[in-house]
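Q: Here you go, this is start-v8.cif (mmCIF, C-alpha atoms, pLDDT in the B column; chains and numbers go by the auth columns).
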data_target
#
loop_
_atom_site.group_PDB
_atom_site.id
_atom_site.type_symbol
_atom_site.label_atom_id
_atom_site.label_comp_id
_atom_site.label_asym_id
_atom_site.label_seq_id
_atom_site.Cartn_x
_atom_site.Cartn_y
_atom_site.Cartn_z
_atom_site.B_iso_or_equiv
_atom_site.auth_seq_id
_atom_site.auth_asym_id
ATOM 1 C CA MET A 1 95.175 72.842 98.960 49.00 1 W
ATOM 2 C CA ARG A 2 95.396 71.905 102.623 65.00 2 W
ATOM 3 C CA LYS A 3 94.585 74.601 105.135 74.00 3 W
ATOM 4 C CA ILE A 4 97.606 76.018 106.954 79.00 4 W
ATOM 5 C CA LEU A 5 97.245 75.288 110.662 79.00 5 W
ATOM 6 C CA LEU A 6 100.601 75.271 112.406 81.00 6 W
ATOM 7 C CA GLN A 7 102.587 78.059 110.749 80.00 7 W
ATOM 8 C CA PRO A 8 100.960 80.745 112.975 78.00 8 W
ATOM 9 C CA LEU A 9 102.498 78.808 115.906 81.00 9 W
ATOM 10 C CA GLY A 10 105.983 79.196 114.463 81.00 10 W
ATOM 11 C CA LEU A 11 106.302 75.871 112.602 84.00 11 W
ATOM 12 C CA ASP A 12 107.524 76.383 109.046 88.00 12 W
ATOM 13 C CA LYS A 13 105.812 74.956 105.962 89.00 13 W
ATOM 14 C CA LYS A 14 108.001 71.835 105.707 90.00 14 W
ATOM 15 C CA THR A 15 107.700 71.036 109.415 90.00 15 W
ATOM 16 C CA GLU A 16 103.922 71.295 109.266 89.00 16 W
ATOM 17 C CA ALA A 17 103.762 69.164 106.113 90.00 17 W
ATOM 18 C CA LEU A 18 105.948 66.443 107.646 92.00 18 W
ATOM 19 C CA TYR A 19 104.090 66.317 110.967 90.00 19 W
ATOM 20 C CA ARG A 20 100.697 66.155 109.265 90.00 20 W
ATOM 21 C CA ALA A 21 101.964 63.483 106.872 91.00 21 W
ATOM 22 C CA LEU A 22 103.101 61.397 109.849 90.00 22 W
ATOM 23 C CA LEU A 23 99.744 61.933 111.562 91.00 23 W
ATOM 24 C CA SER A 24 98.073 60.396 108.514 91.00 24 W
ATOM 25 C CA LEU A 25 100.524 57.460 108.577 89.00 25 W
ATOM 26 C CA ALA A 26 100.721 57.066 112.379 84.00 26 W
ATOM 27 C CA ASP A 27 103.950 55.020 112.179 89.00 27 W
ATOM 28 C CA ALA A 28 106.463 54.950 109.311 90.00 28 W
ATOM 29 C CA PRO A 29 110.158 55.177 108.353 92.00 29 W
ATOM 30 C CA ALA A 30 111.594 58.542 107.344 91.00 30 W
ATOM 31 C CA GLY A 31 111.615 57.853 103.601 91.00 31 W
ATOM 32 C CA HIS A 32 107.919 56.997 103.552 92.00 32 W
ATOM 33 C CA ILE A 33 107.030 60.097 105.565 92.00 33 W
ATOM 34 C CA ALA A 34 109.168 62.307 103.302 92.00 34 W
ATOM 35 C CA ARG A 35 107.428 61.009 100.154 92.00 35 W
ATOM 36 C CA ARG A 36 103.988 61.598 101.686 92.00 36 W
ATOM 37 C CA ALA A 37 104.967 65.169 102.651 90.00 37 W
ATOM 38 C CA GLY A 38 106.719 65.924 99.354 90.00 38 W
ATOM 39 C CA ILE A 39 110.009 66.666 101.095 90.00 39 W
ATOM 40 C CA LYS A 40 113.543 65.420 100.425 90.00 40 W
ATOM 41 C CA ARG A 41 114.548 62.532 102.671 88.00 41 W
ATOM 42 C CA THR A 42 117.709 64.323 103.856 88.00 42 W
ATOM 43 C CA SER A 43 115.613 67.291 105.015 89.00 43 W
ATOM 44 C CA ALA A 44 113.052 65.014 106.617 91.00 44 W
ATOM 45 C CA TYR A 45 115.556 63.555 109.121 90.00 45 W
ATOM 46 C CA HIS A 46 116.469 67.027 110.410 92.00 46 W
ATOM 47 C CA ILE A 47 112.819 68.067 110.704 92.00 47 W
ATOM 48 C CA LEU A 48 111.870 64.831 112.466 92.00 48 W
ATOM 49 C CA GLU A 49 114.610 65.350 115.048 92.00 49 W
ATOM 50 C CA ASN A 50 113.233 68.829 115.693 91.00 50 W
ATOM 51 C CA LEU A 51 109.709 67.413 116.105 91.00 51 W
ATOM 52 C CA ILE A 52 111.077 64.827 118.551 92.00 52 W
ATOM 53 C CA SER A 53 112.622 67.646 120.635 91.00 53 W
ATOM 54 C CA MET A 54 109.192 69.321 120.674 90.00 54 W
ATOM 55 C CA GLY A 55 107.537 66.116 121.899 90.00 55 W
ATOM 56 C CA LEU A 56 105.379 65.819 118.769 90.00 56 W
ATOM 57 C CA VAL A 57 107.147 62.738 117.399 92.00 57 W
ATOM 58 C CA SER A 58 108.837 59.692 118.952 93.00 58 W
ATOM 59 C CA SER A 59 110.927 56.954 117.331 92.00 59 W
ATOM 60 C CA TYR A 60 112.036 53.343 117.765 92.00 60 W
ATOM 61 C CA GLN A 61 114.131 50.729 115.961 91.00 61 W
ATOM 62 C CA GLU A 62 112.592 47.713 114.203 89.00 62 W
ATOM 63 C CA ARG A 63 114.829 45.238 112.371 88.00 63 W
ATOM 64 C CA GLY A 64 117.532 47.833 111.962 89.00 64 W
ATOM 65 C CA VAL A 65 115.152 50.464 110.567 90.00 65 W
ATOM 66 C CA ARG A 66 114.330 53.591 112.512 92.00 66 W
ATOM 67 C CA ARG A 67 110.607 54.265 112.516 93.00 67 W
ATOM 68 C CA PHE A 68 108.786 57.394 113.628 93.00 68 W
ATOM 69 C CA VAL A 69 105.479 57.722 115.474 93.00 69 W
ATOM 70 C CA ALA A 70 103.231 60.792 115.529 89.00 70 W
ATOM 71 C CA GLU A 71 102.291 61.899 119.045 91.00 71 W
ATOM 72 C CA HIS A 72 98.777 63.210 119.681 91.00 72 W
ATOM 73 C CA PRO A 73 98.282 66.890 118.654 89.00 73 W
ATOM 74 C CA THR A 74 97.526 67.758 122.299 90.00 74 W
ATOM 75 C CA LYS A 75 101.297 67.580 122.787 89.00 75 W
ATOM 76 C CA LEU A 76 101.394 70.954 121.005 88.00 76 W
ATOM 77 C CA LYS A 77 99.795 72.510 124.073 88.00 77 W
ATOM 78 C CA THR A 78 102.274 70.748 126.347 88.00 78 W
ATOM 79 C CA PHE A 79 105.184 72.067 124.287 88.00 79 W
ATOM 80 C CA PHE A 80 104.040 75.691 124.436 87.00 80 W
ATOM 81 C CA GLU A 81 103.220 75.413 128.143 88.00 81 W
ATOM 82 C CA ARG A 82 106.838 74.318 128.710 87.00 82 W
ATOM 83 C CA GLN A 83 108.026 77.244 126.592 87.00 83 W
ATOM 84 C CA ALA A 84 105.926 79.668 128.664 87.00 84 W
ATOM 85 C CA ILE A 85 107.368 78.293 131.924 88.00 85 W
ATOM 86 C CA LEU A 86 110.881 78.613 130.521 88.00 86 W
ATOM 87 C CA ALA A 87 110.185 82.200 129.426 86.00 87 W
ATOM 88 C CA GLU A 88 108.995 83.079 132.946 86.00 88 W
ATOM 89 C CA ARG A 89 112.295 81.770 134.333 86.00 89 W
ATOM 90 C CA LEU A 90 114.400 83.626 131.774 85.00 90 W
ATOM 91 C CA ILE A 91 112.707 87.029 131.990 82.00 91 W
ATOM 92 C CA PRO A 92 114.239 88.018 135.386 82.00 92 W
ATOM 93 C CA GLU A 93 117.722 87.179 134.071 82.00 93 W
ATOM 94 C CA LEU A 94 117.155 89.178 130.881 80.00 94 W
ATOM 95 C CA GLU A 95 115.780 92.105 132.895 74.00 95 W
ATOM 96 C CA LYS A 96 119.137 92.290 134.690 75.00 96 W
ATOM 97 C CA GLU A 97 120.741 92.958 131.311 72.00 97 W
ATOM 98 C CA LEU A 98 118.081 95.572 130.575 64.00 98 W
ATOM 99 C CA ARG A 99 119.020 97.544 133.685 61.00 99 W
ATOM 100 C CA ARG A 100 122.615 97.703 132.467 60.00 100 W
ATOM 101 C CA LEU A 101 121.634 99.679 129.377 54.00 101 W
ATOM 102 C CA PRO A 102 122.675 103.353 129.220 55.00 102 W
ATOM 103 C CA THR A 103 120.179 105.683 130.893 63.00 103 W
ATOM 104 C CA THR A 104 119.639 107.708 127.704 72.00 104 W
ATOM 105 C CA PRO A 105 116.023 108.327 126.592 81.00 105 W
ATOM 106 C CA HIS A 106 114.494 105.525 124.581 87.00 106 W
ATOM 107 C CA ILE A 107 111.833 106.547 122.055 90.00 107 W
ATOM 108 C CA ARG A 108 109.741 104.093 120.052 92.00 108 W
ATOM 109 C CA PHE A 109 107.158 104.802 117.350 93.00 109 W
ATOM 110 C CA PHE A 110 104.043 102.716 116.662 93.00 110 W
ATOM 111 C CA GLU A 111 101.932 102.831 113.498 92.00 111 W
ATOM 112 C CA GLY A 112 98.487 101.304 112.982 91.00 112 W
ATOM 113 C CA GLN A 113 95.733 100.193 115.353 89.00 113 W
ATOM 114 C CA ASP A 114 97.318 96.887 116.337 88.00 114 W
ATOM 115 C CA ALA A 115 100.682 98.501 117.063 90.00 115 W
ATOM 116 C CA VAL A 116 99.126 101.249 119.197 90.00 116 W
ATOM 117 C CA ARG A 117 97.116 98.661 121.139 88.00 117 W
ATOM 118 C CA SER A 118 100.351 96.765 121.839 87.00 118 W
ATOM 119 C CA MET A 119 101.866 100.039 123.013 87.00 119 W
ATOM 120 C CA THR A 120 99.117 100.516 125.627 86.00 120 W
ATOM 121 C CA GLU A 121 99.607 96.897 126.769 85.00 121 W
ATOM 122 C CA GLU A 122 103.110 97.808 127.966 87.00 122 W
ATOM 123 C CA ALA A 123 101.509 99.781 130.785 88.00 123 W
ATOM 124 C CA LEU A 124 100.257 96.490 132.228 87.00 124 W
ATOM 125 C CA ARG A 125 103.849 95.623 133.083 83.00 125 W
ATOM 126 C CA SER A 126 104.212 98.694 135.302 80.00 126 W
ATOM 127 C CA LYS A 127 106.040 97.757 138.511 81.00 127 W
ATOM 128 C CA GLU A 128 104.621 100.838 140.258 84.00 128 W
ATOM 129 C CA LYS A 129 101.088 99.427 139.841 89.00 129 W
ATOM 130 C CA LEU A 130 99.823 102.857 138.817 92.00 130 W
ATOM 131 C CA ILE A 131 98.837 104.325 135.456 93.00 131 W
ATOM 132 C CA GLN A 132 97.980 108.015 135.072 95.00 132 W
ATOM 133 C CA SER A 133 96.094 109.000 131.938 94.00 133 W
ATOM 134 C CA ILE A 134 94.970 112.274 130.354 94.00 134 W
ATOM 135 C CA GLY A 135 92.407 112.383 127.563 91.00 135 W
ATOM 136 C CA SER A 136 89.179 110.848 126.349 88.00 136 W
ATOM 137 C CA THR A 137 89.070 107.082 126.699 85.00 137 W
ATOM 138 C CA LYS A 138 85.984 107.062 124.489 85.00 138 W
ATOM 139 C CA LYS A 139 87.866 108.727 121.618 88.00 139 W
ATOM 140 C CA LEU A 140 90.881 106.482 122.201 88.00 140 W
ATOM 141 C CA LEU A 141 88.738 103.355 121.812 86.00 141 W
ATOM 142 C CA GLU A 142 87.159 104.794 118.660 87.00 142 W
ATOM 143 C CA LEU A 143 90.627 105.453 117.251 88.00 143 W
ATOM 144 C CA ILE A 144 92.181 102.052 117.959 85.00 144 W
ATOM 145 C CA GLY A 145 89.134 99.940 117.203 79.00 145 W
ATOM 146 C CA GLY A 146 86.806 99.522 120.166 69.00 146 W
ATOM 147 C CA LYS A 147 87.047 97.812 123.546 68.00 147 W
ATOM 148 C CA TYR A 148 89.705 95.131 123.897 62.00 148 W
ATOM 149 C CA GLY A 149 89.604 94.198 127.584 76.00 149 W
ATOM 150 C CA PHE A 150 92.416 96.461 128.817 80.00 150 W
ATOM 151 C CA GLY A 151 90.541 97.452 131.987 80.00 151 W
ATOM 152 C CA GLU A 152 89.832 93.868 132.980 83.00 152 W
ATOM 153 C CA ARG A 153 93.457 92.800 132.499 84.00 153 W
ATOM 154 C CA ARG A 154 94.636 95.880 134.412 86.00 154 W
ATOM 155 C CA ARG A 155 92.456 95.023 137.390 86.00 155 W
ATOM 156 C CA GLU A 156 93.579 91.387 137.302 85.00 156 W
ATOM 157 C CA ARG A 157 97.169 92.646 137.718 86.00 157 W
ATOM 158 C CA GLY A 158 96.218 94.959 140.594 88.00 158 W
ATOM 159 C CA ILE A 159 97.176 98.158 138.733 90.00 159 W
ATOM 160 C CA PHE A 160 95.422 101.360 139.788 91.00 160 W
ATOM 161 C CA LEU A 161 94.297 103.899 137.158 91.00 161 W
ATOM 162 C CA ASN A 162 93.893 107.637 137.776 92.00 162 W
ATOM 163 C CA SER A 163 92.337 109.233 134.693 91.00 163 W
ATOM 164 C CA LEU A 164 91.672 112.846 133.738 92.00 164 W
ATOM 165 C CA ARG A 165 88.766 112.864 131.288 89.00 165 W
ATOM 166 C CA PHE A 166 86.230 115.216 129.724 85.00 166 W
ATOM 167 C CA PRO A 167 82.550 115.884 130.577 82.00 167 W
ATOM 168 C CA ASP A 168 81.267 114.025 127.489 76.00 168 W
ATOM 169 C CA ASP A 169 83.470 110.984 128.067 76.00 169 W
ATOM 170 C CA GLU A 170 82.146 107.671 129.342 57.00 170 W
ATOM 171 C CA LYS A 171 81.938 107.645 133.135 55.00 171 W
ATOM 172 C CA SER A 172 80.372 104.252 133.816 49.00 172 W
ATOM 173 C CA ASP A 173 83.657 102.818 135.062 53.00 173 W
ATOM 174 C CA SER A 174 84.372 105.665 137.473 48.00 174 W
ATOM 175 C CA GLY A 175 84.630 104.501 141.051 50.00 175 W
ATOM 176 C CA ILE A 176 84.950 100.815 140.213 63.00 176 W
ATOM 177 C CA LYS A 177 87.786 98.773 141.656 74.00 177 W
ATOM 178 C CA LEU A 178 91.248 100.338 141.186 81.00 178 W
ATOM 179 C CA HIS A 179 89.999 103.300 139.134 85.00 179 W
ATOM 180 C CA GLU A 180 89.297 106.973 139.844 88.00 180 W
ATOM 181 C CA ASN A 181 88.262 109.665 137.344 88.00 181 W
ATOM 182 C CA ARG A 182 88.417 113.442 137.508 90.00 182 W
ATOM 183 C CA ILE A 183 86.902 115.741 134.910 87.00 183 W
ATOM 184 C CA LEU A 184 88.857 118.275 132.858 86.00 184 W
ATOM 185 C CA PRO A 185 87.186 121.548 131.772 85.00 185 W
ATOM 186 C CA GLU A 186 85.849 121.642 128.192 79.00 186 W
ATOM 187 C CA SER A 187 88.221 124.518 127.469 82.00 187 W
ATOM 188 C CA PHE A 188 91.203 122.222 127.987 84.00 188 W
ATOM 189 C CA ASN A 189 92.513 121.685 124.444 84.00 189 W
ATOM 190 C CA PHE A 190 93.810 118.133 124.411 87.00 190 W
ATOM 191 C CA PRO A 191 93.260 116.300 121.084 90.00 191 W
ATOM 192 C CA GLY A 192 95.001 113.114 122.117 92.00 192 W
ATOM 193 C CA TYR A 193 95.714 110.638 124.874 94.00 193 W
ATOM 194 C CA VAL A 194 98.671 110.453 127.266 95.00 194 W
ATOM 195 C CA PHE A 195 99.368 107.676 129.739 95.00 195 W
ATOM 196 C CA ILE A 196 102.197 107.620 132.256 95.00 196 W
ATOM 197 C CA PHE A 197 103.542 104.501 133.960 94.00 197 W
ATOM 198 C CA GLY A 198 106.869 103.785 135.624 91.00 198 W
ATOM 199 C CA ASN A 199 109.556 105.640 133.663 91.00 199 W
ATOM 200 C CA SER A 200 107.514 105.715 130.445 94.00 200 W
ATOM 201 C CA VAL A 201 105.091 108.119 128.787 95.00 201 W
ATOM 202 C CA GLY A 202 102.829 107.114 125.905 94.00 202 W
ATOM 203 C CA ILE A 203 101.446 109.749 123.525 95.00 203 W
ATOM 204 C CA ILE A 204 98.632 109.005 121.036 94.00 204 W
ATOM 205 C CA PRO A 205 97.266 111.857 118.838 94.00 205 W
ATOM 206 C CA PHE A 206 93.560 111.671 117.979 92.00 206 W
ATOM 207 C CA GLU A 207 94.026 111.799 114.233 90.00 207 W
ATOM 208 C CA LYS A 208 94.744 109.444 111.361 88.00 208 W
ATOM 209 C CA PRO A 209 96.873 107.683 110.380 92.00 209 W
ATOM 210 C CA VAL A 210 96.755 105.968 113.771 91.00 210 W
ATOM 211 C CA ARG A 211 100.108 106.281 115.469 94.00 211 W
ATOM 212 C CA GLY A 212 101.726 106.648 118.864 93.00 212 W
ATOM 213 C CA MET A 213 105.018 107.291 120.587 95.00 213 W
ATOM 214 C CA LEU A 214 106.414 105.731 123.766 94.00 214 W
ATOM 215 C CA ILE A 215 109.160 107.630 125.589 94.00 215 W
ATOM 216 C CA THR A 216 111.085 105.808 128.304 92.00 216 W
ATOM 217 C CA ASP A 217 113.132 108.297 130.309 91.00 217 W
ATOM 218 C CA ARG A 218 113.050 108.808 134.074 90.00 218 W
ATOM 219 C CA PRO A 219 113.407 112.655 134.103 91.00 219 W
ATOM 220 C CA TYR A 220 110.760 113.087 131.386 92.00 220 W
ATOM 221 C CA ALA A 221 108.351 110.709 133.138 93.00 221 W
ATOM 222 C CA THR A 222 108.921 112.558 136.425 93.00 222 W
ATOM 223 C CA MET A 223 108.036 115.899 134.774 94.00 223 W
ATOM 224 C CA MET A 224 104.867 114.433 133.244 94.00 224 W
ATOM 225 C CA LYS A 225 103.845 112.944 136.591 94.00 225 W
ATOM 226 C CA SER A 226 104.254 116.378 138.203 95.00 226 W
ATOM 227 C CA ILE A 227 102.032 117.943 135.525 93.00 227 W
ATOM 228 C CA PHE A 228 99.439 115.210 136.059 94.00 228 W
ATOM 229 C CA ILE A 229 99.423 115.660 139.855 93.00 229 W
ATOM 230 C CA THR A 230 98.990 119.422 139.445 93.00 230 W
ATOM 231 C CA LEU A 231 96.022 118.964 137.093 91.00 231 W
ATOM 232 C CA TRP A 232 94.575 116.243 139.317 92.00 232 W
ATOM 233 C CA GLY A 233 94.568 118.561 142.312 89.00 233 W
ATOM 234 C CA ASN A 234 92.845 121.382 140.443 85.00 234 W
ATOM 235 C CA VAL A 235 89.905 119.693 138.708 81.00 235 W
ATOM 236 C CA ALA A 236 86.615 118.271 139.918 68.00 236 W
ATOM 237 C CA ALA A 237 86.359 114.710 141.113 64.00 237 W
#
Starting from the file, give its structure as structure tokens.
A:
Amino acid sequence: MRKILLQPLGLDKKTEALYRALLSLADAPAGHIARRAGIKRTSAYHILENLISMGLVSSYQERGVRRFVAEHPTKLKTFFERQAILAERLIPELEKELRRLPTTPHIRFFEGQDAVRSMTEEALRSKEKLIQSIGSTKKLLELIGGKYGFGERRRERGIFLNSLRFPDDEKSDSGIKLHENRILPESFNFPGYVFIFGNSVGIIPFEKPVRGMLITDRPYATMMKSIFITLWGNVAA
């Protein structure tokens, strides 16, 4: 059985089979490609047209027969680069629609390590360029599966982090670029992690099953920011 390569990129099984069949043929009419891929000829024409639109296949006429040519696999990268550029252009327009949504609280739930990691990634899109966090980063990383480069990506985006931690937490990153820690007293009972950014508040309990909740609501975020500022001003730097 051939190893699946392209389906993780969004190409379905038939599309992958047809493209790889054409790669092995280099240049062939649709019927020949369809037989090699084990696909009906009628389906093959539709798939080939889709591959042409992606830049992975080209075609030409020879003696009244349309023939298809496999483009080099590096064209895959070109295709997705074009998609990324298009997405960058579309996002501002889609964000205009987002701002038209009702201003009611929006609550989302995340289950599992991967989902909770994706939840924390949303903070990297903070327009305020500030994240405020309460809780042990060390325990958070233990819960969601170790370091995953969040701090580096945060600094690349120019986002400042103010974090309230505990005496036994890791402090090696305190004072580095765009980050300041302050230490909570050991008596502060806080078995979880909270991070505040923009109009959103993320809450992650330190218990299993791994789960989290993201609340997007301006009044709620404002209250949590006030609590954070009060704690920040009353604990040791």
Q: Using only C-alpha atoms - which residues lie no farther than 12 Å from the point (84.6, 109.0, 119.5) in the file's frame? Write them as a PDB file with C-alpha atoms, in the frame of the given file.
A:
ATOM      1  CA  GLY W 135      92.407 112.383 127.563  1.00 91.00           C
ATOM      2  CA  SER W 136      89.179 110.848 126.349  1.00 88.00           C
ATOM      3  CA  THR W 137      89.070 107.082 126.699  1.00 85.00           C
ATOM      4  CA  LYS W 138      85.984 107.062 124.489  1.00 85.00           C
ATOM      5  CA  LYS W 139      87.866 108.727 121.618  1.00 88.00           C
ATOM      6  CA  LEU W 140      90.881 106.482 122.201  1.00 88.00           C
ATOM      7  CA  LEU W 141      88.738 103.355 121.812  1.00 86.00           C
ATOM      8  CA  GLU W 142      87.159 104.794 118.660  1.00 87.00           C
ATOM      9  CA  LEU W 143      90.627 105.453 117.251  1.00 88.00           C
ATOM     10  CA  ILE W 144      92.181 102.052 117.959  1.00 85.00           C
ATOM     11  CA  GLY W 145      89.134  99.940 117.203  1.00 79.00           C
ATOM     12  CA  GLY W 146      86.806  99.522 120.166  1.00 69.00           C
ATOM     13  CA  ASP W 168      81.267 114.025 127.489  1.00 76.00           C
ATOM     14  CA  ASP W 169      83.470 110.984 128.067  1.00 76.00           C
ATOM     15  CA  GLU W 170      82.146 107.671 129.342  1.00 57.00           C
ATOM     16  CA  PRO W 191      93.260 116.300 121.084  1.00 90.00           C
ATOM     17  CA  GLY W 192      95.001 113.114 122.117  1.00 92.00           C
ATOM     18  CA  PHE W 206      93.560 111.671 117.979  1.00 92.00           C
ATOM     19  CA  GLU W 207      94.026 111.799 114.233  1.00 90.00           C
TER      20      GLU W 207
END
Q: Kindly resolve the PyMOL selection byres ((chain W and resi 195) around 6) on the present coordinates and return the residues as a PyMOL selection string.
A: chain W and resi 132-133+194+196+201-202
Q: Using only C-alpha atoms, which residue out of W:Ile183, W:Ile33, W:Met54, W:Leu11 lies closest to Ile134 of chain W?
A: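 Using only C-alpha atoms, the shortest distance to Ile134 of chain W belongs to W:Ile183.
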Q: What is the distance, in Å and to one decimal place, between atom CA of Ala221 of chain W and atom CA of Ile204 of chain W?
A: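 A separation of 15.6 Å between them.
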Q: Separation of atom CA of Ser24 of chain W and atom CA of Ser58 of chain W, in Å?
A: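 One can read the atom CA of Ser24 of chain W to atom CA of Ser58 of chain W distance as 15.0 Å.
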Q: Go through W:Ala17, W:Leu5, W:Leu231, W:Leu23 and flag the residue nearest Val69 of chain W, using only C-alpha atoms for the distances.
A: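 Ranked by minimum distance to Val69 of chain W, first place goes to W:Leu23.
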Q: Would you write out, as a list in words, every residue that the PyMOL selection byres ((chain W and resi 111) around 9) captures in this file?
A: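 Taken on the displayed file, the PyMOL selection byres ((chain W and resi 111) around 9) yields the residues Phe109, Phe110, Gly112, Gln113, Asp114, Ala115, Val116, Pro209, Val210, Arg211, Gly212 and Met213 of chain W.
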Q: Put those residues in a file: C-alpha atoms, as a compact mmCIF listing (two decimals), keeping the file's coordinate frame.
A:
# COMPACT_ATOMS: atom_id res chain seq x y z
CA PHE W 109 107.16 104.80 117.35
CA PHE W 110 104.04 102.72 116.66
CA GLY W 112 98.49 101.30 112.98
CA GLN W 113 95.73 100.19 115.35
CA ASP W 114 97.32 96.89 116.34
CA ALA W 115 100.68 98.50 117.06
CA VAL W 116 99.13 101.25 119.20
CA PRO W 209 96.87 107.68 110.38
CA VAL W 210 96.76 105.97 113.77
CA ARG W 211 100.11 106.28 115.47
CA GLY W 212 101.73 106.65 118.86
CA MET W 213 105.02 107.29 120.59
Q: Could you state the separation of atom CA of Arg35 of chain W and atom CA of Arg63 of chain W in Å, given to one decimal place?
A: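 So the two atoms, atom CA of Arg35 of chain W and atom CA of Arg63 of chain W, lie 21.3 Å apart.
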Q: Run the PyMOL selection byres ((chain W and resi 49) around 12) on the file and write out the hits as a PyMOL selection string.
A: chain W and resi 15+18-19+30+42-48+50-59+68-69
Q: For a quick check of understanding, using all atoms listed in the file, which of W:Ile215, W:Met223, W:Val235, W:Val65 has the smallest distance to Gly31 of chain W?
A: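 Looking at the shortest contact to Gly31 of chain W, the residue is W:Val65.
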Q: Would you mind listing what lies within 12 Å of Ala123 of chain W as a PyMOL selection string, with all atoms listed in the file counted and same-chain residues fewer than 5 positions away left out?
A: chain W and resi 116-118+128-133+150-151+153-154+157+159-161+194-202+214+216
Q: Mind completing segment 206-218 of chain W with N, CA, C and O atoms? Output as a compact mmCIF listing (two decimals), keeping the file's coordinate frame, please?
A:
# COMPACT_ATOMS: atom_id res chain seq x y z
N PHE W 206 94.87 112.09 118.48
CA PHE W 206 93.56 111.67 117.98
C PHE W 206 93.39 112.11 116.53
O PHE W 206 92.58 112.98 116.20
N GLU W 207 94.15 111.53 115.66
CA GLU W 207 94.03 111.80 114.23
C GLU W 207 94.60 110.62 113.46
O GLU W 207 95.33 109.81 114.02
N LYS W 208 94.25 110.53 112.20
CA LYS W 208 94.74 109.44 111.36
C LYS W 208 95.82 109.96 110.41
O LYS W 208 95.80 111.12 110.04
N PRO W 209 96.79 109.11 110.05
CA PRO W 209 96.87 107.68 110.38
C PRO W 209 97.12 107.43 111.86
O PRO W 209 97.76 108.25 112.53
N VAL W 210 96.61 106.31 112.36
CA VAL W 210 96.76 105.97 113.77
C VAL W 210 98.24 105.73 114.09
O VAL W 210 98.92 104.97 113.42
N ARG W 211 98.70 106.41 115.11
CA ARG W 211 100.11 106.28 115.47
C ARG W 211 100.30 106.66 116.94
O ARG W 211 99.41 107.26 117.56
N GLY W 212 101.43 106.31 117.48
CA GLY W 212 101.73 106.65 118.86
C GLY W 212 103.22 106.66 119.10
O GLY W 212 104.01 106.20 118.28
N MET W 213 103.61 107.20 120.23
CA MET W 213 105.02 107.29 120.59
C MET W 213 105.16 106.94 122.07
O MET W 213 104.38 107.38 122.90
N LEU W 214 106.16 106.12 122.38
CA LEU W 214 106.41 105.73 123.77
C LEU W 214 107.82 106.18 124.14
O LEU W 214 108.81 105.76 123.54
N ILE W 215 107.88 107.08 125.13
CA ILE W 215 109.16 107.63 125.59
C ILE W 215 109.49 107.02 126.94
O ILE W 215 108.71 107.13 127.89
N THR W 216 110.63 106.37 127.04
CA THR W 216 111.08 105.81 128.30
C THR W 216 112.31 106.59 128.76
O THR W 216 113.38 106.50 128.17
N ASP W 217 112.08 107.41 129.81
CA ASP W 217 113.13 108.30 130.31
C ASP W 217 112.70 108.79 131.69
O ASP W 217 111.64 109.43 131.82
N ARG W 218 113.47 108.48 132.71
CA ARG W 218 113.05 108.81 134.07
C ARG W 218 112.78 110.30 134.28
O ARG W 218 111.72 110.66 134.81
